[in-house]
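Dropping coords21.cif in here (mmCIF, C-alpha atoms):
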```cif
data_input
loop_
_atom_site.label_atom_id
_atom_site.label_comp_id
_atom_site.auth_asym_id
_atom_site.auth_seq_id
_atom_site.Cartn_x
_atom_site.Cartn_y
_atom_site.Cartn_z
CA LYS A 1 -32.60 -12.12 20.31
CA ASN A 2 -30.49 -9.48 22.04
CA TYR A 3 -27.43 -11.73 22.01
CA LEU A 4 -27.87 -12.23 18.28
CA VAL A 5 -27.95 -8.46 17.72
CA VAL A 6 -24.79 -8.07 19.81
CA PHE A 7 -23.05 -10.79 17.78
CA GLN A 8 -24.08 -9.30 14.44
CA PHE A 9 -22.96 -5.78 15.33
CA THR A 10 -19.72 -7.08 16.83
CA ILE A 11 -18.85 -8.66 13.48
CA SER A 12 -19.93 -5.50 11.67
CA VAL A 13 -17.76 -3.21 13.82
CA ILE A 14 -14.75 -5.51 13.44
CA LEU A 15 -15.15 -5.47 9.66
CA ILE A 16 -15.56 -1.68 9.60
CA ILE A 17 -12.35 -1.19 11.61
CA CYS A 18 -10.48 -3.66 9.40
CA THR A 19 -11.73 -1.94 6.24
CA ILE A 20 -10.71 1.54 7.40
CA THR A 21 -7.28 0.26 8.48
CA LEU A 22 -6.67 -1.60 5.23
CA PHE A 23 -7.65 1.37 3.06
CA ARG A 24 -5.38 3.67 5.08
CA GLN A 25 -2.44 1.25 4.89
CA VAL A 26 -2.74 0.86 1.11
CA SER A 27 -3.06 4.63 0.66
CA PHE A 28 -0.05 5.16 2.94
CA MET A 29 2.10 2.76 0.91
CA ARG A 30 1.12 4.28 -2.43
CA ASN A 31 1.83 7.83 -1.24
CA HIS A 32 4.95 7.10 0.81
CA ASP A 33 8.27 8.35 -0.57
CA PRO A 34 10.08 5.23 -1.90
CA GLY A 35 13.41 7.03 -1.99
CA PHE A 36 13.38 7.74 -5.73
CA ASN A 37 11.30 9.80 -8.14
CA MET A 38 9.15 7.63 -10.41
CA GLU A 39 7.15 10.44 -12.01
CA GLY A 40 7.56 10.56 -15.79
CA LEU A 41 9.71 7.42 -15.96
CA ILE A 42 9.12 5.08 -18.91
CA VAL A 43 10.93 1.73 -18.81
CA LEU A 44 11.80 -0.23 -21.95
CA ASP A 45 12.43 -3.95 -21.76
CA GLY A 46 15.90 -4.43 -23.18
CA PRO A 47 16.61 -6.42 -26.34
CA ARG A 48 16.94 -10.17 -26.12
CA VAL A 49 18.65 -10.60 -29.49
CA LEU A 50 21.90 -8.65 -29.89
CA ARG A 51 24.05 -8.29 -32.98
CA ALA A 52 27.31 -7.42 -31.25
CA ASN A 53 30.39 -9.55 -31.69
CA THR A 54 32.60 -7.64 -29.26
CA TYR A 55 32.16 -5.66 -26.07
CA GLU A 56 33.11 -2.49 -27.93
CA SER A 57 30.40 -2.99 -30.55
CA TYR A 58 27.89 -3.76 -27.79
CA MET A 59 28.75 -0.52 -25.96
CA THR A 60 28.64 1.42 -29.22
CA THR A 61 25.08 0.22 -29.84
CA VAL A 62 24.01 1.04 -26.27
CA GLU A 63 25.48 4.55 -26.34
CA SER A 64 24.16 5.26 -29.83
CA PHE A 65 20.65 4.22 -28.80
CA LYS A 66 20.74 6.34 -25.64
CA ASN A 67 22.02 9.39 -27.52
CA GLU A 68 19.27 9.21 -30.13
CA ILE A 69 16.58 8.75 -27.47
CA LYS A 70 17.88 11.67 -25.43
CA ALA A 71 17.80 13.86 -28.54
CA LEU A 72 14.03 13.40 -28.87
CA ALA A 73 11.77 16.24 -27.80
CA GLY A 74 10.39 15.97 -24.26
CA ILE A 75 13.06 13.54 -23.01
CA SER A 76 15.51 14.83 -20.42
CA ASN A 77 17.48 11.70 -19.53
CA ILE A 78 17.96 7.99 -20.17
CA THR A 79 19.83 5.29 -18.29
CA ALA A 80 20.61 1.62 -18.86
CA SER A 81 20.56 -0.81 -15.93
CA SER A 82 20.29 -4.47 -15.03
CA SER A 83 17.21 -3.90 -12.87
CA VAL A 84 14.62 -1.27 -12.02
CA PRO A 85 12.60 -0.62 -8.86
CA GLY A 86 9.66 -2.98 -8.56
CA THR A 87 11.53 -5.95 -10.09
CA GLU A 88 13.51 -8.72 -8.46
CA ILE A 89 17.26 -8.11 -8.44
CA LYS A 90 18.69 -11.21 -10.10
CA ASN A 91 22.39 -10.33 -9.78
CA SER A 92 24.48 -10.66 -6.64
CA ARG A 93 28.13 -10.67 -5.60
CA VAL A 94 30.07 -11.63 -2.47
CA PHE A 95 32.13 -8.98 -0.69
CA GLY A 96 33.49 -8.45 2.78
CA VAL A 97 35.59 -6.05 4.83
CA PRO A 98 39.23 -7.29 4.69
CA VAL A 99 40.16 -8.76 8.07
CA GLU A 100 43.35 -10.80 8.48
CA GLY A 101 42.64 -14.45 9.21
CA ARG A 102 38.85 -14.13 9.09
CA ASN A 103 36.29 -14.48 6.30
CA THR A 104 33.82 -11.58 6.45
CA GLU A 105 32.31 -11.97 2.99
CA LYS A 106 28.57 -11.49 2.60
CA ARG A 107 26.33 -11.77 -0.42
CA ILE A 108 24.84 -8.50 -1.65
CA ASP A 109 22.41 -7.63 -4.44
CA VAL A 110 24.02 -5.89 -7.38
CA TYR A 111 22.85 -3.27 -9.87
CA TYR A 112 24.83 -2.81 -13.09
CA ILE A 113 24.29 0.80 -14.13
CA ASP A 114 25.67 3.71 -16.12
CA ASN A 115 26.54 7.15 -14.81
CA ASN A 116 23.01 8.51 -15.53
CA PHE A 117 21.20 6.10 -13.21
CA PHE A 118 21.14 8.20 -10.03
CA ASN A 119 20.24 11.41 -11.86
CA THR A 120 17.41 9.73 -13.78
CA TYR A 121 15.88 8.23 -10.65
CA GLY A 122 16.58 11.19 -8.40
CA ILE A 123 18.51 9.08 -5.89
CA PRO A 124 20.88 11.32 -3.88
CA LEU A 125 24.54 10.55 -3.27
CA LEU A 126 25.18 11.23 0.42
CA ALA A 127 28.96 11.10 0.10
CA GLY A 128 31.45 10.73 -2.72
CA ASP A 129 31.00 11.28 -6.45
CA ASN A 130 29.01 9.70 -9.23
CA TYR A 131 30.60 7.39 -11.80
CA ASP A 132 32.40 8.92 -14.75
CA LYS A 133 31.72 7.90 -18.33
CA SER A 134 34.98 5.97 -18.44
CA ILE A 135 34.02 2.41 -17.53
CA VAL A 136 37.49 0.89 -17.66
CA GLU A 137 39.01 3.32 -15.16
CA GLU A 138 36.23 2.68 -12.65
CA SER A 139 35.90 -1.07 -12.98
CA ASN A 140 37.42 -1.53 -9.51
CA LYS A 141 35.10 0.98 -7.81
CA ILE A 142 31.74 0.43 -6.19
CA ILE A 143 28.83 2.52 -4.91
CA ILE A 144 26.78 1.18 -2.01
CA ASN A 145 23.55 2.35 -0.41
CA VAL A 146 23.01 3.22 3.27
CA ALA A 147 21.60 -0.23 4.02
CA ALA A 148 24.85 -1.77 2.72
CA LEU A 149 26.77 0.69 4.90
CA THR A 150 25.22 -0.83 8.00
CA TYR A 151 25.39 -4.31 6.46
CA TYR A 152 29.21 -4.14 6.37
CA GLY A 153 29.58 -2.50 9.76
CA TYR A 154 30.23 1.09 8.69
CA ASN A 155 28.55 4.08 10.31
CA ASP A 156 29.35 7.35 8.59
CA PRO A 157 28.94 7.73 4.79
CA VAL A 158 31.71 10.33 4.48
CA ASN A 159 34.29 8.23 6.33
CA THR A 160 33.28 5.11 4.39
CA VAL A 161 34.25 6.57 1.02
CA GLY A 162 37.62 5.14 0.04
CA LYS A 163 37.27 1.97 2.12
CA ILE A 164 38.08 -1.39 0.57
CA LEU A 165 35.78 -4.38 0.08
CA ARG A 166 37.15 -7.74 -0.98
CA GLY A 167 35.40 -10.52 -2.84
CA GLY A 168 37.59 -13.52 -3.51
CA ARG A 169 40.69 -12.13 -5.21
CA GLN A 170 39.00 -8.92 -6.29
CA GLU A 171 39.24 -5.72 -4.28
CA VAL A 172 36.97 -2.75 -4.91
CA THR A 173 37.04 0.77 -3.51
CA ILE A 174 33.88 2.38 -2.19
CA LYS A 175 33.49 5.44 -4.42
CA SER A 176 30.35 6.88 -2.83
CA VAL A 177 27.28 6.13 -0.70
CA ALA A 178 23.78 6.50 -2.20
CA GLY A 179 20.52 7.04 -0.37
CA ASP A 180 18.25 4.08 0.34
CA PHE A 181 15.22 3.34 -1.81
CA ASN A 182 12.54 0.67 -1.73
CA GLN A 183 13.32 -1.80 -4.48
CA ARG A 184 10.09 -3.68 -3.78
CA SER A 185 6.95 -2.80 -1.84
CA LEU A 186 6.91 -1.23 1.61
CA ARG A 187 6.46 -4.64 3.19
CA GLU A 188 10.27 -4.71 3.42
CA LEU A 189 12.99 -2.29 4.47
CA PRO A 190 15.52 -1.24 1.80
CA ALA A 191 17.98 -4.08 1.17
CA PRO A 192 21.76 -3.67 0.88
CA ILE A 193 22.63 -2.93 -2.76
CA ALA A 194 25.94 -2.44 -4.58
CA PHE A 195 26.15 -0.51 -7.86
CA PHE A 196 28.77 -1.21 -10.52
CA ASN A 197 29.58 0.99 -13.50
CA GLN A 198 28.95 -1.74 -16.05
CA PRO A 199 25.96 -0.69 -18.17
CA ALA A 200 23.54 -3.51 -18.91
CA ASN A 201 20.69 -3.00 -21.35
CA THR A 202 18.28 -5.30 -19.51
CA PHE A 203 16.20 -2.15 -18.97
CA TYR A 204 16.30 1.36 -20.40
CA THR A 205 14.68 3.99 -18.18
CA ILE A 206 13.62 7.21 -19.90
CA LYS A 207 12.84 10.45 -18.06
CA ALA A 208 10.06 12.09 -20.07
CA GLY A 209 7.72 15.03 -19.77
CA SER A 210 4.00 14.71 -19.08
CA THR A 211 2.75 16.04 -22.44
CA GLY A 212 2.64 14.41 -25.85
CA THR A 213 3.35 10.97 -24.44
CA ASN A 214 1.69 8.99 -27.26
CA LYS A 215 3.68 10.79 -29.94
CA MET A 216 6.84 10.36 -27.88
CA ILE A 217 6.29 6.60 -27.61
CA ARG A 218 5.98 6.33 -31.39
CA GLU A 219 9.24 8.22 -31.83
CA ILE A 220 10.98 5.99 -29.28
CA GLU A 221 9.71 2.90 -31.11
CA LYS A 222 11.21 4.13 -34.39
CA VAL A 223 14.62 4.53 -32.76
CA TRP A 224 14.22 1.09 -31.16
CA ILE A 225 13.50 -0.63 -34.45
CA SER A 226 16.51 0.99 -36.10
CA HIS A 227 18.88 -0.21 -33.37
CA TYR A 228 17.34 -3.50 -32.27
CA PRO A 229 15.58 -5.06 -35.28
CA GLY A 230 13.92 -8.37 -34.54
CA ASN A 231 13.28 -7.44 -30.90
CA PRO A 232 9.73 -6.66 -29.71
CA PHE A 233 9.15 -3.14 -28.46
CA SER A 234 7.82 -3.41 -24.92
CA TYR A 235 7.51 -0.65 -22.35
CA PHE A 236 5.70 0.29 -19.13
CA TYR A 237 5.24 3.33 -16.93
CA LEU A 238 7.24 2.77 -13.77
CA LYS A 239 4.67 4.34 -11.44
CA ASP A 240 1.90 2.01 -12.65
CA PHE A 241 4.26 -0.96 -12.58
CA TYR A 242 5.44 -0.16 -9.04
CA ASP A 243 1.87 0.37 -7.76
CA ASP A 244 0.86 -3.04 -9.13
CA GLN A 245 2.57 -4.52 -6.07
CA TYR A 246 -0.35 -3.24 -4.00
CA ARG A 247 -3.07 -4.49 -6.35
CA ALA A 248 -3.78 -7.58 -4.21
CA ASP A 249 -4.16 -5.40 -1.09
CA GLN A 250 -6.54 -3.12 -2.99
CA ARG A 251 -8.67 -6.06 -4.13
CA PHE A 252 -8.76 -7.44 -0.60
CA SER A 253 -9.82 -4.06 0.80
CA GLY A 254 -12.64 -3.95 -1.76
CA LEU A 255 -13.83 -7.41 -0.73
CA LEU A 256 -13.63 -6.39 2.93
CA LEU A 257 -15.72 -3.29 2.22
CA ALA A 258 -18.37 -5.43 0.51
CA GLY A 259 -18.32 -7.82 3.45
CA SER A 260 -18.72 -4.94 5.88
CA LEU A 261 -21.73 -3.57 4.01
CA LEU A 262 -23.33 -7.02 3.89
CA ALA A 263 -22.73 -7.58 7.62
CA ILE A 264 -24.25 -4.19 8.44
CA ILE A 265 -27.33 -4.93 6.31
CA ILE A 266 -27.84 -8.30 8.03
CA ALA A 267 -27.36 -6.70 11.46
CA CYS A 268 -29.87 -3.96 10.58
CA LEU A 269 -32.44 -6.52 9.45
CA GLY A 270 -32.07 -8.36 12.76
CA LEU A 271 -32.28 -5.12 14.73
CA SER A 272 -35.30 -3.99 12.74
CA GLY A 273 -37.15 -7.21 13.49
CA LEU A 274 -36.23 -7.06 17.18
CA SER A 275 -37.29 -3.43 17.49
CA ALA A 276 -40.63 -4.08 15.76
CA TYR A 277 -41.33 -6.95 18.14
CA ALA A 278 -40.27 -5.01 21.24
CA ILE A 279 -42.26 -1.89 20.32
CA SER A 280 -45.42 -3.94 19.63
CA LYS A 281 -45.15 -5.35 23.17
CA ARG A 282 -45.00 -1.83 24.62
CA THR A 283 -47.92 -0.31 22.69
CA ARG A 284 -50.10 0.18 25.79
CA GLU A 285 -47.17 1.66 27.76
CA ILE A 286 -46.57 4.15 24.97
CA GLY A 287 -50.24 5.11 24.94
CA ILE A 288 -50.30 5.70 28.70
CA ARG A 289 -47.10 7.81 28.56
CA LYS A 290 -48.52 9.92 25.72
CA THR A 291 -51.78 10.38 27.67
CA ASN A 292 -49.77 11.61 30.65
CA GLY A 293 -48.05 14.24 28.54
CA ALA A 294 -44.89 12.55 27.23
CA ARG A 295 -43.55 14.23 24.12
CA THR A 296 -42.68 12.40 20.91
CA GLY A 297 -38.94 12.93 21.45
CA GLN A 298 -39.08 11.53 24.97
CA VAL A 299 -40.86 8.40 23.79
CA MET A 300 -38.35 7.90 20.96
CA VAL A 301 -35.43 8.22 23.40
CA LEU A 302 -37.09 5.72 25.70
CA LEU A 303 -37.54 3.17 22.90
CA ASN A 304 -34.16 3.73 21.23
CA LYS A 305 -31.90 3.60 24.26
CA ASP A 306 -32.54 -0.09 24.89
CA PHE A 307 -31.41 -1.01 21.39
CA VAL A 308 -28.43 1.37 21.42
CA LYS A 309 -27.31 -0.28 24.65
CA TRP A 310 -26.80 -3.60 22.86
CA VAL A 311 -24.92 -1.92 20.02
CA VAL A 312 -22.60 -0.20 22.51
CA ILE A 313 -21.91 -3.58 24.14
CA ALA A 314 -21.05 -4.93 20.67
CA ILE A 315 -18.61 -2.04 20.14
CA VAL A 316 -16.91 -2.70 23.48
CA ILE A 317 -16.40 -6.35 22.48
CA ALA A 318 -15.33 -5.57 18.89
CA VAL A 319 -12.69 -2.90 19.56
CA PRO A 320 -10.05 -5.05 21.34
CA VAL A 321 -10.65 -7.95 18.92
CA ALA A 322 -10.20 -5.68 15.88
CA TRP A 323 -7.13 -4.03 17.42
CA PHE A 324 -5.48 -7.42 17.93
CA ILE A 325 -6.28 -8.61 14.38
CA MET A 326 -5.10 -5.42 12.68
CA ASN A 327 -1.99 -5.11 14.83
CA LYS A 328 -0.97 -8.64 13.81
CA TRP A 329 -1.72 -7.91 10.14
CA LEU A 330 0.31 -4.68 10.16
CA GLU A 331 3.32 -6.58 11.46
CA ASN A 332 3.75 -7.86 7.88
CA TYR A 333 4.77 -4.36 6.77
CA ALA A 334 8.08 -2.66 7.47
CA TYR A 335 6.31 0.68 6.93
CA ARG A 336 2.95 0.85 8.64
CA ILE A 337 0.31 3.26 9.87
CA ASN A 338 -0.59 3.75 13.52
CA LEU A 339 -3.85 2.36 14.84
CA ASN A 340 -5.20 5.72 15.98
CA TRP A 341 -8.13 5.98 18.36
CA TRP A 342 -10.29 7.76 15.78
CA ILE A 343 -10.43 4.59 13.63
CA PHE A 344 -12.22 2.76 16.43
CA ALA A 345 -14.32 5.82 17.31
CA SER A 346 -15.40 6.17 13.67
CA ALA A 347 -16.47 2.53 13.53
CA GLY A 348 -18.45 3.01 16.73
CA VAL A 349 -20.16 6.15 15.43
CA ILE A 350 -21.06 4.36 12.18
CA ALA A 351 -22.52 1.40 14.06
CA VAL A 352 -24.55 3.56 16.46
CA SER A 353 -25.77 5.81 13.63
CA VAL A 354 -26.89 2.84 11.55
CA ALA A 355 -28.65 1.32 14.56
CA LEU A 356 -30.44 4.59 15.35
CA ILE A 357 -31.56 5.03 11.75
CA THR A 358 -32.85 1.45 11.73
CA VAL A 359 -34.97 1.69 14.90
CA SER A 360 -35.90 5.39 14.82
CA TRP A 361 -38.44 4.99 12.02
CA GLN A 362 -40.43 2.41 13.97
CA SER A 363 -39.96 4.37 17.20
CA TRP A 364 -41.24 7.52 15.51
CA LYS A 365 -44.35 5.74 14.18
CA ALA A 366 -45.08 4.32 17.64
CA SER A 367 -44.50 7.66 19.41
CA THR A 368 -46.70 9.66 17.00
CA ARG A 369 -49.60 7.25 17.11
CA ASN A 370 -52.81 8.49 18.76
CA PRO A 371 -52.65 7.24 22.37
CA VAL A 372 -56.43 6.60 22.33
CA ASP A 373 -55.95 4.06 19.52
CA ALA A 374 -53.27 2.25 21.52
CA LEU A 375 -55.46 2.14 24.64
CA ASP A 376 -58.58 1.07 22.67
CA MET A 377 -56.61 -1.72 21.04
CA ASN A 378 -55.44 -3.01 24.40
CA LYS A 379 -58.95 -2.60 25.85
CA SER A 380 -60.46 -4.68 23.05
CA TYR A 381 -57.80 -7.28 23.64
CA PHE A 382 -58.76 -7.28 27.38
CA TYR A 383 -62.49 -7.86 26.61
CA ARG A 384 -61.78 -10.65 24.13
CA LYS A 385 -59.58 -12.42 26.64
CA PHE A 386 -61.92 -12.23 29.60
#
```

Encoding of this model in structure tokens:
Amino acid sequence: KNYLVVFQFTISVILIICTITLFRQVSFMRNHDPGFNMEGLIVLDGPRVLRANTYESYMTTVESFKNEIKALAGISNITASSSVPGTEIKNSRVFGVPVEGRNTEKRIDVYYIDNNFFNTYGIPLLAGDNYDKSIVEESNKIIINVAALTYYGYNDPVNTVGKILRGGRQEVTIKSVAGDFNQRSLRELPAPIAFFNQPANTFYTIKAGSTGTNKMIREIEKVWISHYPGNPFSYFYLKDFYDDQYRADQRFSGLLLAGSLLAIIIACLGLSGLSAYAISKRTREIGIRKTNGARTGQVMVLLNKDFVKWVVIAIVIAVPVAWFIMNKWLENYAYRINLNWWIFASAGVIAVSVALITVSWQSWKASTRNPVDALDMNKSYFYRKF
């Protein structure tokens, strides 16, 4: 019976530690700075049907749409790009540092953006300048992030500005270096990214205020219909979209919490049955101690300490097992919390508290019983037996 209690509370403590760790990790990821500001950002899915026969007419439509959106009340900025944080980057190019007689080309993810992208997302430029509005003059220039800096063997952002990268027959000049940001969830470190000043209307990102959002969306839709008839109007809030990456972890933490509660209930039922059985076997001992002057508190401590001992043994077994499991699980995340001692201490306190609450009621009833009744009951049992 005691071994069963130890096993049940070991499982319970492991689940409690895992639940606390999982909730903290999910909260840490959702509140961690991803390297860009997603507050107030509304993303429009770009049109799939375009009525532009030339590049000039295409750019005219893009710029006209952006200008009308920016003129709406409550909107401070708008940018067009080939991707947005939280999505998979589907474009890539091959570039390398020019070295005579050696191929150093590497594939790198590519963003096609306009000159409002970094301002809209609040991504800082650590060295160099932002793109100008003139696309033609800057077609042979590139902006890279810090991860790409290391990727190509550079160290200092300032000294990297002006360096040349070559891809096939094309050479591009590094115009500036942008800060890193997490394109996907915090399971991964920021990937090397190159930014080209070639606006693509795959996505429009709008920087909006926090008030009058519903009215603003209706106004945006009117502008959309006038510029892109025949295309569905689809949008999402970037913060909600980005946080959806952690939805599976949140569901799993909820299931783990339910499992922990169920395990604790089962362990308490087992402990309750064991304590009732053990106390009934010590009824005469309790009566004698009460007759000799033992106080209620002393009797309760005497009865409870045996059960708490088994729970403490369960905690000692559970802590290293839970630490190993959670440490392995956290290895899946590039950004992770520390397994602080208080997580394990909290689980232990919860387990001991639950165990004490479970057995204390029966211990209190046994310790407050009239000792004469306990002795008479055992005396009657003695006469019946002999």

Given all atoms listed in the file, how would the per-residue table for stretch 2-95 of chain A near stretch 146-162 of chain A read, listing every residue at most 12 Å away with its closest atom pair and distance in Å to one decimal, sorted by chain and number, as JSON lines?
```
{"residue": "A:Gly35", "atom": "CA", "partner": "A:Val146", "partner_atom": "CA", "distance": 11.6}
{"residue": "A:Val94", "atom": "CA", "partner": "A:Tyr152", "partner_atom": "CA", "distance": 11.6}
{"residue": "A:Phe95", "atom": "CA", "partner": "A:Tyr152", "partner_atom": "CA", "distance": 9.0}
```

Export C-alpha atoms of the chosen residues as a JSON list (two decimals), in the frame of the given file?
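Listing of out.json after writing:
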```json
[["chain", "number", "residue", "atom", "x", "y", "z"],
["A", 35, "GLY", "CA", 13.41, 7.03, -1.99],
["A", 94, "VAL", "CA", 30.07, -11.63, -2.47],
["A", 95, "PHE", "CA", 32.13, -8.98, -0.69]]
```

Nearest residue to A:Ile89 out of A:Ile144, A:Val319, A:Val359, A:Ile108, using all atoms listed in the file?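 Nearest candidate to A:Ile89 out of A:Ile144, A:Val319, A:Val359, A:Ile108: A:Ile108.
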
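Nearest-residue note for A:Asp114: choosing from A:Ala200, A:Leu255, A:Val172, A:Ala73, the minimum distance belongs to A:Ala200, counting only C-alpha atoms.
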
Nearest candidate to A:Gln245 (options A:Gly86, A:Gly74, A:Pro47, A:Pro98; using all atoms listed in the file): A:Gly86

Result set, the PyMOL selection byres ((chain A and resi 63) around 12) on current file, as an NGL selection string: :A and (56-62 or 64-70 or 78-80 or 114-116 or 133 or 199-201 or 204 or 227)

Taking the file above as input, evaluate the PyMOL selection byres ((chain A and resi 213-216) around 12) and report the hits as a PyMOL selection string. chain A and resi 40-42+69-75+206-212+217-223+237

Dump of C-alpha atoms for the selected residues, as a PDB file, keeping the file's coordinate frame:
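Everything below was put into selection09.pdb:
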```pdb
ATOM      1  CA  GLY A  40       7.560  10.560 -15.790  1.00  0.00           C
ATOM      2  CA  LEU A  41       9.710   7.420 -15.960  1.00  0.00           C
ATOM      3  CA  ILE A  42       9.120   5.080 -18.910  1.00  0.00           C
ATOM      4  CA  ILE A  69      16.580   8.750 -27.470  1.00  0.00           C
ATOM      5  CA  LYS A  70      17.880  11.670 -25.430  1.00  0.00           C
ATOM      6  CA  ALA A  71      17.800  13.860 -28.540  1.00  0.00           C
ATOM      7  CA  LEU A  72      14.030  13.400 -28.870  1.00  0.00           C
ATOM      8  CA  ALA A  73      11.770  16.240 -27.800  1.00  0.00           C
ATOM      9  CA  GLY A  74      10.390  15.970 -24.260  1.00  0.00           C
ATOM     10  CA  ILE A  75      13.060  13.540 -23.010  1.00  0.00           C
ATOM     11  CA  ILE A 206      13.620   7.210 -19.900  1.00  0.00           C
ATOM     12  CA  LYS A 207      12.840  10.450 -18.060  1.00  0.00           C
ATOM     13  CA  ALA A 208      10.060  12.090 -20.070  1.00  0.00           C
ATOM     14  CA  GLY A 209       7.720  15.030 -19.770  1.00  0.00           C
ATOM     15  CA  SER A 210       4.000  14.710 -19.080  1.00  0.00           C
ATOM     16  CA  THR A 211       2.750  16.040 -22.440  1.00  0.00           C
ATOM     17  CA  GLY A 212       2.640  14.410 -25.850  1.00  0.00           C
ATOM     18  CA  ILE A 217       6.290   6.600 -27.610  1.00  0.00           C
ATOM     19  CA  ARG A 218       5.980   6.330 -31.390  1.00  0.00           C
ATOM     20  CA  GLU A 219       9.240   8.220 -31.830  1.00  0.00           C
ATOM     21  CA  ILE A 220      10.980   5.990 -29.280  1.00  0.00           C
ATOM     22  CA  GLU A 221       9.710   2.900 -31.110  1.00  0.00           C
ATOM     23  CA  LYS A 222      11.210   4.130 -34.390  1.00  0.00           C
ATOM     24  CA  VAL A 223      14.620   4.530 -32.760  1.00  0.00           C
ATOM     25  CA  TYR A 237       5.240   3.330 -16.930  1.00  0.00           C
TER      26      TYR A 237
END
```

Distance atom CA of A:Val43-atom CA of A:Thr205, one decimal place? 4.4 Å

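One finds atom CA of A:Arg24 at 17.4 Å from atom CA of A:Gly259.
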
Return the single residue from A:Ala191, A:Ile135, A:Leu238, A:Gly270 that is closest to A:Arg107, with distances computed using only C-alpha atoms.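 Nearest to A:Arg107: A:Ala191.
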
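In this structure, atom CA of A:Asn91 sits 23.2 Å away from atom CA of A:Asp243.
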
Residue with smallest distance to A:Asn338 - pool A:Ser253, A:Gln25, A:Asn103, A:Asn140, counting all atoms listed in the file: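 Closest to A:Asn338, using all atoms listed in the file: A:Gln25.
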
For each of A:Asn197, A:Asn332, A:Thr358, A:Asn340, take the minimum atom-to-atom distance to A:Ile113, counting only C-alpha atoms, then give the residue where this is smallest.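 The shortest atom-to-atom distance to A:Ile113 comes from A:Asn197.
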
Care to translate the PyMOL selection byres ((chain A and resi 193) around 6) into actual residues of this file, as an mmCIF file with C-alpha atoms, keeping the file's coordinate frame?
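The resulting expr_24.cif:
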```
data_model
loop_
_atom_site.group_PDB
_atom_site.id
_atom_site.type_symbol
_atom_site.label_atom_id
_atom_site.label_comp_id
_atom_site.auth_asym_id
_atom_site.auth_seq_id
_atom_site.Cartn_x
_atom_site.Cartn_y
_atom_site.Cartn_z
ATOM 1 C CA ASP A 109 22.410 -7.630 -4.440
ATOM 2 C CA VAL A 110 24.020 -5.890 -7.380
ATOM 3 C CA ILE A 144 26.780 1.180 -2.010
ATOM 4 C CA ASN A 145 23.550 2.350 -0.410
ATOM 5 C CA PRO A 192 21.760 -3.670 0.880
ATOM 6 C CA ALA A 194 25.940 -2.440 -4.580
#
```

Could you give me, as number ranges by chain, the residues within 12 Å of A:Lys141, counting all atoms listed in the file and dropping anything in the same chain fewer than 5 positions from it? A: 128-132, 134-136, 161-166, 170-177, 194-198
